Each structure stands twice: as C-alpha cells, then as structure tokens.
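Colleague: Structure file protein-v8.cif, mmCIF, C-alpha atoms, is pasted below:
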```
data_structure
loop_
_atom_site.label_atom_id
_atom_site.label_comp_id
_atom_site.auth_asym_id
_atom_site.auth_seq_id
_atom_site.Cartn_x
_atom_site.Cartn_y
_atom_site.Cartn_z
CA MET G 266 -52.22 46.09 50.61
CA ARG G 267 -52.91 46.02 46.90
CA LEU G 268 -55.56 44.65 44.57
CA ASN G 269 -53.77 43.31 41.48
CA ASN G 270 -56.80 42.33 39.41
CA ILE G 271 -60.47 41.47 39.53
CA VAL G 272 -62.68 39.14 37.51
CA LEU G 273 -66.43 39.78 37.37
CA TYR G 274 -68.77 37.17 35.96
CA ASN G 275 -72.49 37.98 35.64
CA PHE G 276 -72.09 40.54 38.43
CA ARG G 277 -74.63 43.37 38.30
CA ASN G 278 -74.39 44.81 34.75
CA TYR G 279 -71.06 43.08 33.99
CA HIS G 280 -71.23 39.96 31.82
CA TYR G 281 -67.51 39.18 31.95
CA THR G 282 -64.65 41.47 32.91
CA ASN G 283 -61.03 40.72 33.76
CA ILE G 284 -59.06 43.85 34.56
CA LYS G 285 -55.63 44.55 36.05
CA PHE G 286 -55.10 47.60 38.25
CA GLY G 287 -52.28 50.04 38.88
CA LYS G 288 -50.41 50.14 42.17
CA GLY G 289 -51.47 53.71 42.98
CA LEU G 290 -54.47 55.76 41.89
CA ASN G 291 -56.97 54.07 39.56
CA VAL G 292 -59.48 56.52 38.08
CA PHE G 293 -62.73 55.27 36.53
CA ILE G 294 -64.61 57.72 34.32
CA GLY G 295 -68.14 57.22 33.07
CA ASP G 296 -71.66 58.54 33.04
CA ASN G 297 -74.16 57.54 35.69
CA ALA G 298 -75.63 54.00 35.60
CA GLN G 299 -72.72 52.56 33.60
CA GLY G 300 -71.23 50.35 36.33
CA LYS G 301 -68.80 52.55 38.29
CA THR G 302 -70.38 51.95 41.69
CA ASN G 303 -70.90 48.27 40.81
CA LEU G 304 -67.12 47.91 40.48
CA ILE G 305 -66.59 49.62 43.84
CA GLU G 306 -69.22 47.30 45.33
CA ALA G 307 -67.37 44.24 43.99
CA ILE G 308 -64.12 45.36 45.64
CA TYR G 309 -65.99 46.08 48.89
CA LEU G 310 -67.36 42.52 48.83
CA LEU G 311 -63.78 41.18 48.98
CA SER G 312 -63.50 42.69 52.45
CA PHE G 313 -66.94 42.31 54.02
CA GLY G 314 -68.60 39.54 52.01
CA GLN G 315 -71.72 41.70 51.96
CA SER G 316 -72.77 44.66 49.84
CA PHE G 317 -73.05 48.23 51.10
CA LYS G 318 -75.90 48.76 48.60
CA SER G 319 -78.17 45.73 48.64
CA LEU G 320 -79.53 43.52 51.41
CA LYS G 321 -80.26 40.66 49.01
CA ASP G 322 -77.44 38.75 47.35
CA SER G 323 -79.77 37.91 44.47
CA HIS G 324 -79.62 41.58 43.45
CA LEU G 325 -75.91 41.12 42.68
CA ILE G 326 -76.63 38.59 39.93
CA ARG G 327 -76.94 39.87 36.38
CA LEU G 328 -80.44 39.93 34.92
CA ASN G 329 -81.49 36.59 33.39
CA SER G 330 -78.51 34.80 35.01
CA THR G 331 -78.57 32.19 37.77
CA ASP G 332 -75.25 32.90 39.44
CA ALA G 333 -72.45 35.47 39.69
CA ARG G 334 -68.82 35.46 40.71
CA VAL G 335 -66.26 37.95 41.94
CA LYS G 336 -62.64 36.80 41.95
CA ALA G 337 -59.48 38.77 42.72
CA GLU G 338 -55.81 38.59 43.57
CA VAL G 339 -54.81 40.64 46.60
CA GLU G 340 -51.21 41.30 47.56
CA LYS G 341 -50.48 41.76 51.25
CA LYS G 342 -47.24 42.36 53.10
CA ARG G 343 -46.37 38.70 53.60
CA GLU G 344 -48.64 36.85 51.18
CA THR G 345 -50.74 36.92 48.05
CA LEU G 346 -54.36 35.81 48.33
CA GLU G 347 -56.73 34.61 45.66
CA ILE G 348 -60.22 35.48 46.87
CA SER G 349 -63.52 34.54 45.30
CA LEU G 350 -67.21 34.91 46.12
CA THR G 351 -69.93 33.00 44.29
CA PHE G 352 -73.58 34.05 44.43
CA SER G 353 -76.40 31.78 43.32
CA LYS G 354 -80.17 31.95 43.21
CA LYS G 355 -80.32 28.27 44.19
CA GLN G 356 -77.90 28.04 47.11
CA LYS G 357 -76.03 30.04 49.74
CA LYS G 358 -73.13 32.24 48.67
CA GLN G 359 -69.71 30.68 48.84
CA PHE G 360 -66.39 32.17 49.95
CA GLU G 361 -62.97 30.86 48.95
CA ILE G 362 -59.45 31.96 49.82
CA ASN G 363 -56.65 30.29 47.87
CA ASN G 364 -59.19 27.70 46.66
CA ILE G 365 -60.12 26.73 50.23
CA GLU G 366 -63.78 27.17 51.14
CA ILE G 367 -64.46 29.53 54.04
CA LYS G 368 -67.64 28.45 55.79
CA LYS G 369 -68.12 31.32 58.22
CA LEU G 370 -68.37 35.01 57.36
CA LYS G 371 -66.33 35.97 60.44
CA ASP G 372 -63.38 33.98 59.04
CA PHE G 373 -63.67 35.80 55.71
CA ILE G 374 -63.90 39.39 56.97
CA GLY G 375 -60.60 41.12 57.61
CA ASN G 376 -58.48 39.28 55.04
CA VAL G 377 -58.81 42.35 52.83
CA ASN G 378 -59.14 45.81 54.33
CA VAL G 379 -60.94 48.62 52.52
CA VAL G 380 -62.16 52.09 53.38
CA LEU G 381 -65.18 53.28 51.39
CA PHE G 382 -65.94 56.97 51.07
CA SER G 383 -69.15 57.85 49.21
CA PRO G 384 -71.62 60.77 49.23
CA ASP G 385 -73.62 58.89 51.89
CA ASP G 386 -70.65 59.20 54.26
CA LEU G 387 -71.04 62.96 54.20
CA LYS G 388 -74.29 62.28 56.05
CA LEU G 389 -72.31 60.60 58.82
CA VAL G 390 -72.45 63.69 61.01
CA LYS G 391 -75.84 65.22 60.25
CA GLU G 392 -78.04 62.13 59.82
CA GLY G 393 -79.45 59.82 62.50
CA PRO G 394 -77.55 57.50 64.88
CA SER G 395 -77.92 54.43 62.62
CA HIS G 396 -75.40 55.93 60.15
CA ARG G 397 -72.81 56.34 62.88
CA ARG G 398 -73.45 52.90 64.38
CA LYS G 399 -72.96 51.35 60.94
CA PHE G 400 -69.69 53.27 60.54
CA ILE G 401 -68.40 52.06 63.91
CA ASP G 402 -69.50 48.45 63.41
CA SER G 403 -68.04 48.17 59.90
CA GLU G 404 -64.62 49.41 60.89
CA ILE G 405 -64.29 47.41 64.11
CA SER G 406 -65.31 44.27 62.17
CA GLN G 407 -62.37 44.71 59.79
CA VAL G 408 -59.74 44.72 62.53
CA SER G 409 -61.62 42.42 64.93
CA PRO G 410 -63.59 39.80 62.92
CA ASN G 411 -65.06 38.27 66.08
CA TYR G 412 -66.84 41.56 66.71
CA ARG G 413 -69.21 41.04 63.77
CA ASN G 414 -70.10 37.58 65.02
CA LYS G 415 -70.89 38.96 68.48
CA LEU G 416 -72.92 41.77 66.90
CA MET G 417 -75.04 39.28 64.96
CA CYS G 418 -75.60 37.23 68.11
CA TYR G 419 -76.63 40.36 70.01
CA HIS G 420 -79.25 41.26 67.40
CA LYS G 421 -80.66 37.73 67.38
CA ILE G 422 -81.05 37.87 71.16
CA LEU G 423 -82.51 41.37 70.91
CA TYR G 424 -85.12 40.11 68.45
CA GLN G 425 -86.06 37.24 70.80
CA ARG G 426 -86.28 39.56 73.78
CA ASN G 427 -88.47 42.05 71.92
CA THR G 428 -90.75 39.20 70.82
CA LEU G 429 -91.05 38.09 74.44
CA LEU G 430 -91.82 41.64 75.63
CA LYS G 431 -94.74 41.78 73.20
CA GLU G 432 -95.94 38.35 74.35
CA LEU G 433 -95.78 39.43 78.01
CA GLN G 434 -98.61 41.85 77.38
CA LYS G 435 -100.78 38.84 76.49
CA LYS G 436 -99.25 36.10 78.63
CA GLY G 437 -97.74 37.43 81.84
CA ARG G 438 -96.57 33.98 82.93
CA LEU G 439 -93.67 34.20 80.44
CA ILE G 440 -91.94 36.79 82.60
CA ASP G 441 -89.53 34.24 84.11
CA SER G 442 -88.06 33.68 80.63
CA LEU G 443 -87.10 37.36 80.37
CA GLN G 444 -84.18 37.02 82.79
CA ILE G 445 -82.56 34.40 80.55
CA TRP G 446 -82.59 36.82 77.61
CA ASN G 447 -81.44 39.67 79.87
CA LEU G 448 -78.31 37.75 80.87
CA GLN G 449 -77.41 36.96 77.26
CA LEU G 450 -78.20 40.47 76.02
CA ALA G 451 -76.05 42.05 78.74
CA ASP G 452 -73.17 39.66 78.08
CA TYR G 453 -72.96 40.31 74.33
CA GLY G 454 -73.89 43.97 74.80
CA ALA G 455 -71.06 44.56 77.27
CA TYR G 456 -68.58 43.14 74.74
CA LEU G 457 -69.86 45.46 71.99
CA ILE G 458 -69.83 48.51 74.25
CA LEU G 459 -66.26 47.83 75.36
CA LYS G 460 -65.03 47.40 71.77
CA ARG G 461 -66.81 50.57 70.69
CA LYS G 462 -65.28 52.54 73.53
CA GLU G 463 -61.79 51.37 72.55
CA PHE G 464 -62.48 52.27 68.91
CA ILE G 465 -63.73 55.77 69.76
CA ASN G 466 -60.72 56.47 71.99
CA LYS G 467 -58.36 55.67 69.10
CA MET G 468 -60.43 57.61 66.58
CA VAL G 469 -60.43 60.72 68.76
CA MET G 470 -56.66 61.06 68.62
CA LEU G 471 -56.31 60.34 64.90
CA SER G 472 -59.26 62.41 63.67
CA ARG G 473 -58.30 65.39 65.85
CA LEU G 474 -54.86 65.65 64.23
CA ILE G 475 -56.29 65.32 60.72
CA HIS G 476 -59.00 67.89 61.42
CA ARG G 477 -56.42 70.39 62.65
CA ARG G 478 -54.54 70.05 59.35
CA ILE G 479 -57.67 70.51 57.25
CA THR G 480 -58.79 73.59 59.20
CA ASP G 481 -55.28 75.08 59.59
CA GLY G 482 -55.52 74.63 63.36
CA LEU G 483 -58.61 76.83 63.70
CA GLU G 484 -60.95 74.04 64.80
CA GLU G 485 -60.68 71.32 67.42
CA LEU G 486 -62.60 68.09 66.79
CA ASP G 487 -63.79 65.86 69.61
CA ILE G 488 -65.83 62.64 69.64
CA LYS G 489 -67.72 61.19 72.59
CA TYR G 490 -69.36 57.80 72.91
CA ASP G 491 -73.04 58.20 73.80
CA SER G 492 -74.27 54.93 75.31
CA SER G 493 -77.84 54.30 76.46
CA VAL G 494 -76.35 52.12 79.22
CA GLU G 495 -75.01 54.15 82.15
CA ILE G 496 -71.42 52.91 81.83
CA GLY G 497 -69.60 56.05 82.97
CA ASN G 498 -65.86 55.32 82.99
CA LEU G 499 -66.19 51.55 83.30
CA ASN G 500 -63.65 49.59 81.24
CA GLN G 501 -64.20 45.98 82.31
CA HIS G 502 -66.63 43.54 80.67
CA LYS G 503 -67.98 42.24 84.00
CA ASP G 504 -68.63 45.76 85.31
CA ILE G 505 -70.42 46.90 82.15
CA LYS G 506 -72.50 43.71 82.11
CA LYS G 507 -73.55 44.30 85.71
CA VAL G 508 -74.66 47.88 84.99
CA PHE G 509 -76.43 46.74 81.82
CA LEU G 510 -78.48 44.23 83.83
CA GLU G 511 -79.31 46.87 86.44
CA ASP G 512 -80.47 49.28 83.72
CA LEU G 513 -82.64 46.60 82.13
CA LYS G 514 -84.30 46.07 85.50
CA LYS G 515 -84.86 49.82 85.97
CA ASN G 516 -86.42 50.18 82.52
CA PHE G 517 -88.62 47.10 82.63
CA GLU G 518 -91.92 48.96 83.18
CA GLU G 519 -91.28 51.26 80.22
CA GLU G 520 -90.15 48.40 78.00
CA TYR G 521 -93.23 46.39 79.03
CA LYS G 522 -95.50 49.25 77.92
CA ARG G 523 -93.68 49.73 74.62
CA GLY G 524 -93.03 46.07 73.90
CA THR G 525 -89.42 46.75 72.90
CA THR G 526 -85.91 47.04 74.36
CA ILE G 527 -85.04 50.70 74.88
CA ILE G 528 -81.41 50.44 76.03
CA GLY G 529 -78.35 48.71 74.63
CA PRO G 530 -75.79 49.00 71.81
CA HIS G 531 -78.62 49.12 69.24
CA ARG G 532 -79.47 52.58 70.65
CA ASP G 533 -75.89 53.90 70.90
CA ASP G 534 -74.56 56.98 69.15
CA ILE G 535 -71.45 59.12 68.97
CA LYS G 536 -71.51 62.87 69.51
CA ILE G 537 -69.18 65.01 67.43
CA PHE G 538 -68.02 68.42 68.62
CA ILE G 539 -66.07 71.26 67.00
CA ASN G 540 -64.59 73.73 69.46
CA GLY G 541 -66.89 72.28 72.11
CA THR G 542 -70.10 72.73 70.10
CA ASP G 543 -72.28 69.85 68.86
CA VAL G 544 -71.62 70.01 65.12
CA ARG G 545 -74.70 67.99 64.19
CA THR G 546 -77.04 70.55 65.75
CA TYR G 547 -75.12 73.80 65.44
CA GLY G 548 -72.39 73.23 62.84
CA SER G 549 -72.48 74.59 59.31
CA GLN G 550 -72.70 72.22 56.36
CA GLY G 551 -69.01 72.88 55.68
CA GLN G 552 -68.08 71.97 59.26
CA GLN G 553 -70.19 68.80 59.09
CA ARG G 554 -68.48 67.71 55.88
CA THR G 555 -65.02 68.47 57.22
CA ALA G 556 -65.77 66.43 60.34
CA ALA G 557 -66.99 63.52 58.18
CA LEU G 558 -63.86 63.71 56.03
CA SER G 559 -61.66 63.74 59.13
CA LEU G 560 -63.38 60.61 60.45
CA LYS G 561 -62.94 58.73 57.16
CA LEU G 562 -59.26 59.67 56.88
CA ALA G 563 -58.73 58.68 60.51
CA GLU G 564 -60.28 55.32 59.63
CA ILE G 565 -57.43 54.74 57.15
CA GLU G 566 -54.79 55.44 59.79
CA LEU G 567 -56.56 53.31 62.38
CA ILE G 568 -56.59 50.26 60.12
CA LYS G 569 -52.91 50.85 59.32
CA SER G 570 -52.06 50.94 63.04
CA GLU G 571 -54.09 47.79 63.77
CA VAL G 572 -53.06 45.49 60.90
CA GLY G 573 -49.69 46.99 59.92
CA ASP G 574 -50.70 47.83 56.33
CA TYR G 575 -52.71 50.54 54.64
CA PRO G 576 -56.19 49.53 53.43
CA ILE G 577 -57.44 49.92 49.87
CA LEU G 578 -59.27 53.24 49.51
CA LEU G 579 -62.55 53.37 47.56
CA LEU G 580 -63.77 56.84 46.54
CA ASP G 581 -67.17 56.51 44.91
CA ASP G 582 -68.21 59.73 43.18
CA VAL G 583 -67.44 61.75 46.29
CA PHE G 584 -65.44 64.55 44.67
CA SER G 585 -68.52 66.23 43.25
CA GLU G 586 -69.67 66.75 46.84
CA LEU G 587 -66.43 68.34 48.11
CA ASP G 588 -64.98 71.80 47.61
CA GLU G 589 -61.43 72.37 46.36
CA LYS G 590 -59.81 72.46 49.81
CA ARG G 591 -61.37 69.18 50.95
CA ARG G 592 -60.49 67.56 47.62
CA TYR G 593 -56.90 68.60 48.18
CA HIS G 594 -56.70 66.90 51.58
CA LEU G 595 -58.40 63.76 50.30
CA LEU G 596 -56.11 63.50 47.26
CA SER G 597 -53.06 63.93 49.48
CA TYR G 598 -53.85 60.48 50.89
CA VAL G 599 -53.94 58.68 47.55
CA LYS G 600 -50.18 59.09 47.25
CA LYS G 601 -49.79 56.65 50.15
CA ILE G 602 -52.17 53.87 49.20
CA GLN G 603 -53.85 52.10 46.31
CA THR G 604 -57.01 54.03 45.52
CA PHE G 605 -60.03 53.41 43.30
CA LEU G 606 -61.80 56.63 42.36
CA THR G 607 -64.97 56.97 40.29
CA THR G 608 -66.04 60.21 38.68
CA THR G 609 -68.20 61.53 35.85
CA HIS G 610 -65.91 64.50 35.16
CA LEU G 611 -62.12 64.66 35.12
CA SER G 612 -62.33 68.38 35.88
CA GLU G 613 -62.91 67.41 39.52
CA LEU G 614 -59.28 66.24 39.77
CA ALA G 615 -56.28 68.51 40.15
CA ALA G 616 -53.42 67.35 37.89
CA ASN G 617 -50.70 68.57 40.24
CA LEU G 618 -51.99 66.31 43.01
CA LEU G 619 -52.29 63.09 41.02
CA PRO G 620 -49.54 60.51 41.50
CA GLU G 621 -47.32 59.88 38.49
CA ASN G 622 -48.40 56.23 38.33
CA SER G 623 -52.12 57.04 38.04
CA GLU G 624 -54.12 54.75 35.76
CA PHE G 625 -57.27 55.81 33.87
CA PHE G 626 -60.19 53.62 32.80
CA VAL G 627 -63.47 54.27 31.00
CA ILE G 628 -66.59 52.42 32.13
CA GLN G 629 -69.46 52.19 29.67
CA ASN G 630 -72.45 49.87 29.92
CA GLY G 631 -70.64 47.29 32.06
CA SER G 632 -67.42 47.37 30.03
CA ILE G 633 -64.08 48.61 31.42
CA LYS G 634 -61.31 49.82 29.12
CA ARG G 635 -57.89 51.03 30.17
CA CYS G 636 -56.77 54.31 28.61
CA LEU G 637 -53.23 54.94 27.48
CA HIS G 638 -51.30 57.58 29.40
CA GLY G 639 -51.89 60.96 27.84
CA THR G 640 -55.30 60.03 26.45
CA PHE G 641 -56.98 62.14 29.13
CA LYS G 642 -56.01 65.63 30.10
CA VAL G 643 -56.82 66.54 33.68
CA ASP G 644 -57.47 70.21 34.41
CA SER G 645 -54.67 71.94 36.30
#
```
Translate this file's structure into structure tokens.

Modeller:
Amino acid sequence: MRLNNIVLYNFRNYHYTNIKFGKGLNVFIGDNAQGKTNLIEAIYLLSFGQSFKSLKDSHLIRLNSTDARVKAEVEKKRETLEISLTFSKKQKKQFEINNIEIKKLKDFIGNVNVVLFSPDDLKLVKEGPSHRRKFIDSEISQVSPNYRNKLMCYHKILYQRNTLLKELQKKGRLIDSLQIWNLQLADYGAYLILKRKEFINKMVMLSRLIHRRITDGLEELDIKYDSSVEIGNLNQHKDIKKVFLEDLKKNFEEEYKRGTTIIGPHRDDIKIFINGTDVRTYGSQGQQRTAALSLKLAEIELIKSEVGDYPILLLDDVFSELDEKRRYHLLSYVKKIQTFLTTTHLSELAANLLPENSEFFVIQNGSIKRCLHGTFKVDS
C-alpha cells in the first residue's frame, strides 16, 4: 500500500499544500508547532475518518476558515483510490472514494491501512487500561470494519443502561426495562469480546517473535486478555452472551448501588508479561518500551496477514524517545513499507539504516518543501 500524494486545504495550519511522496521512507524535519504532526494526522484520517488528536472535527479547520479538505491518491495491490474528506462548520463531514460519497463511517474505514507510532504509544504498557483498549479497538477496526460499528452500538446501549441504573434509584418501577438493555448489551458485548480474543491470540504469536529478536532471545513476551466477564475458554458468541447475562444478574446489586455498569468490554484490559512477570507493575522502563515497540511492530505484520498488503507506517517524533538499539529495530521495518517519519533532529537517524530511496522534506509554518538528495547529511 502506498500514498502517492496528498492535498491539504485549510487543514489545521496548512492553507494549501499539494505534495508528492516517495515510495519508501519520507522524512519530515522541522521545529515543534510547525505542522509535522498535523500532516501525520491528515494521513491517519484517510484510514479512520477520525483524528487521533481531536474529538471535534471543527478543530481540524484552519483558523478563520469555514471548511477544510484532505484529498489523496492511494495505490493498493489491485487498484488506485482517490480519497477525500471534507470538514465544515455548517454541516457533517463528508467522505468520498473515487468521487462516490460514502455515507457510513464503517464503509470508509479499512480502505487505507495505517499504523501510527507516537510517544503516547510508549505509554501503552505502563498507563491505564483505556490506552490498551483503544489500541485493540483501532487495529481490529482496520481489518474488520463492522467491529467499529458494533463497538459504537455497544457504547450507546451502555449509556442507556447506565442512565436507567441511575433512574432505578429514584423510580424502582423501571426495573423491568433493564432486562431489555441487558440482552442487547450482552449480544453486542459478546461479539466484541470474541473479536478481541481472536486479535490477542494472533498478536501473541507475532509480538513474541519480534520481542525475541529485539532482546536477543533473552526475554519472552506474553499477552493475556483480561475480561471482566468470566468467559474462561469460551469461543462461541452464544456461550459468551449467556455468561455475560449471568454476570450482569450476579452484579446487579452492586451496579444498583453505584448507578453504573461494572462489567463488559468497556472494562477490559490486556496483561503483558516478560518472562512470566507483569511488566506494567514490575518491569523496568526499558522493558516497558521494548514491549510497546514489539506490539506496534506486530500490528504491522498482523495487518499484512489480514489484508495481504503492508500498511503505511506513521512515525510521529518517536525516535527521540527510543535508544539506539530500539531505533535500529524500528528502522529495519521501514525498508519493507512506505513510512512517514517526523523529527526535529536528523541526528536521531542512522545513515547506514536508511533506504536508498529515502525522501527528505522540511516543514515550516504549514509549508512543506522537498529537499534535493544530498542537501541533508545524516549522522553515521
């Protein structure tokens, strides 16, 4: 998969930019607050239709402008797609693929596959469960677009159920309505749990092999799915749904007191172990970062195995957070796939690891300029 070009119109701090990219490594150099992450965000939007930075689409529109547009040409194995997103302060955002309007987000996601690796991803291991749930949900959505739709439905039902639980404390007669929400919550929840289990099982194998290479075989990585529903080894939707309903019944008194749902996919987590020890609690910072790197690199291989093509890799100012050894393993991957890398200092890159077809760009105040080969000297 390859991004041939991108056009940005009134997007963030870009007034108008039309830039072509190289087939391999594309390096963007610039000081902070010049637009490097904004470019990465625009590419990310081509895959997910939503930003990883902002919850409000209006934030994507340039100051004093009423609308913004991101347009790109993406080359896949069997086709070339022209993808565009339009954001407006007056109406809903619009998606188009080959000039055909896409009305539902689930039909847009997955046409372009990207893997984003930023400093926040180094928190994947040591921070709270919400980081890991977001990681799981984002990646499953790329290879299974229906998953995101089911996830959104689950959260809508969860909101309704939580509202009802609060109302029960005032109006007990509403209790009969709870079973209706329980059935829907368990149905969607069982689907999410099953998909997450399948994802984790694949990630275990891929990340374990990568982690062995990074640590020279001295450490063994393991990942376990930690569900708040007592699913054990169940692998059928109907069985998980049944257990989910039973657990909701068991926890009703506690949920009634709290006025909120205390079990379900919204409370799930994954536990990460190195040599049998919980790395979040007992691992060193170096071990936590290596585990996070292994998971992100495994994500690349998982997408390749699912869709038959490598994703586009986005590396947003992550090299400043990695030591030389981890940089080496990360850069070894850019020789396989098209990569967009942002940095403030070229000294973070090792010249002997850069592909021959690397392209260099300077970003300054929302302007992108390609540099001729030889203009920059990368430290050896």

Colleague: For this file, the PyMOL selection byres ((chain G and resi 361) around 9) selects which residues, as a PyMOL selection string?

Modeller: chain G and resi 347-351+359-360+362-368+373

Colleague: Save the residues we just selected, C-alpha atoms, as a JSON list (two decimals), in the frame of the given file?

Modeller:
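Printed below is again13.json as written:
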```
[["chain", "number", "residue", "atom", "x", "y", "z"],
["G", 347, "GLU", "CA", -56.73, 34.61, 45.66],
["G", 348, "ILE", "CA", -60.22, 35.48, 46.87],
["G", 349, "SER", "CA", -63.52, 34.54, 45.30],
["G", 350, "LEU", "CA", -67.21, 34.91, 46.12],
["G", 351, "THR", "CA", -69.93, 33.00, 44.29],
["G", 359, "GLN", "CA", -69.71, 30.68, 48.84],
["G", 360, "PHE", "CA", -66.39, 32.17, 49.95],
["G", 362, "ILE", "CA", -59.45, 31.96, 49.82],
["G", 363, "ASN", "CA", -56.65, 30.29, 47.87],
["G", 364, "ASN", "CA", -59.19, 27.70, 46.66],
["G", 365, "ILE", "CA", -60.12, 26.73, 50.23],
["G", 366, "GLU", "CA", -63.78, 27.17, 51.14],
["G", 367, "ILE", "CA", -64.46, 29.53, 54.04],
["G", 368, "LYS", "CA", -67.64, 28.45, 55.79],
["G", 373, "PHE", "CA", -63.67, 35.80, 55.71]]
```

Colleague: At a cut-off of 12 Å, using only C-alpha atoms, what residues contact Leu560 in chain G? Leave out same-chain residues fewer than 5 positions from it and give the result as an NGL selection string.

Modeller: :G and (380-382 or 386-390 or 397 or 400-401 or 404 or 464-465 or 467-476 or 479 or 486-488 or 535 or 537 or 553-555 or 565-567 or 595)

Colleague: Choose the residue, out of G:Arg545, G:His610, G:Lys288, G:Lys318, that has the smallest atom-to-atom separation from Asn269 in chain G; count all atoms listed in the file.

Modeller: G:Lys288

Colleague: Here is a test: counting all atoms listed in the file, which residue of G:Asn270, G:Ser406, G:Thr607, G:Ser493 is nearest to Leu513 in chain G?

Modeller: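 Comparing G:Asn270, G:Ser406, G:Thr607, G:Ser493 against Leu513 in chain G, the winner is G:Ser493.
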
Colleague: Check which residues satisfy the PyMOL selection byres ((chain G and resi 445-460) around 8) in the file shown, then give them as a count of residues only.

Modeller: 31

Colleague: Tell me which of G:Asp574, G:Asp581, G:Asp512, G:Glu520 sits closest to Val377 in chain G, counting all atoms listed in the file.

Modeller: G:Asp574

Colleague: Restricting the calculation to all atoms listed in the file, which member of G:His280, G:Ala563, G:Asn275, G:Phe293 is positioned closest to Leu611 in chain G?

Modeller: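 Of the candidates, the smallest distance to Leu611 in chain G is held by G:Phe293.
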
Colleague: Taking the file as shown, what set of residues would the PyMOL selection byres ((chain G and resi 309-315) around 6) give back, as a PyMOL selection string?

Modeller: chain G and resi 306-308+316+374+377-378

Colleague: Restricting the calculation to only C-alpha atoms: of G:Leu579, G:Val544, G:Leu273, G:Ile628, which residue gets closest to Ala333 in chain G?

Modeller: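 Nearest to Ala333 in chain G: G:Leu273.
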
Colleague: By how many Å are CA of Arg592 in chain G and CA of Ala556 in chain G apart?

Modeller: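 Computed distance, CA of Arg592 in chain G to CA of Ala556 in chain G, equals 13.8 Å.
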
Colleague: For each of G:Arg398, G:Arg478, G:Lys590, G:Lys431, take the minimum atom-to-atom distance to Gly551 in chain G, counting all atoms listed in the file, then give the residue where this is smallest.

Modeller: G:Lys590

Colleague: Kindly give the distance, in Å, that separates CA of Gly497 in chain G and CA of Asp533 in chain G, rounded to a single decimal.

Modeller: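 Here the two named atoms are 13.8 Å from each other.
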
Colleague: Within 12 Å of (-51.1, 50.5, 43.0), in the coordinates the file gives, what residues turn up when you count all atoms listed in the file, written out as a VMD selection string?

Modeller: chain G and resid 266 to 270 285 to 292 339 to 340 575 to 578 599 to 605 620 to 624

Colleague: When you draw a straight line from CA of Gly524 in chain G to CA of Asn427 in chain G, how long is it in Å?

Modeller: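 Taking CA of Gly524 in chain G and CA of Asn427 in chain G, their separation equals 6.4 Å.
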
Colleague: Using the file's own x, y and z axes, what box holds all listed atoms of range 288-299 of chain G with 3 Å on each side, keeping edges along x, y and z, and what are its centre and edge lengths in Å to one decimal, as AutoDock Vina command-line options?

Modeller:
```
--center_x -63.0 --center_y 54.3 --center_z 38.0 --size_x 31.2 --size_y 14.4 --size_z 15.9
```
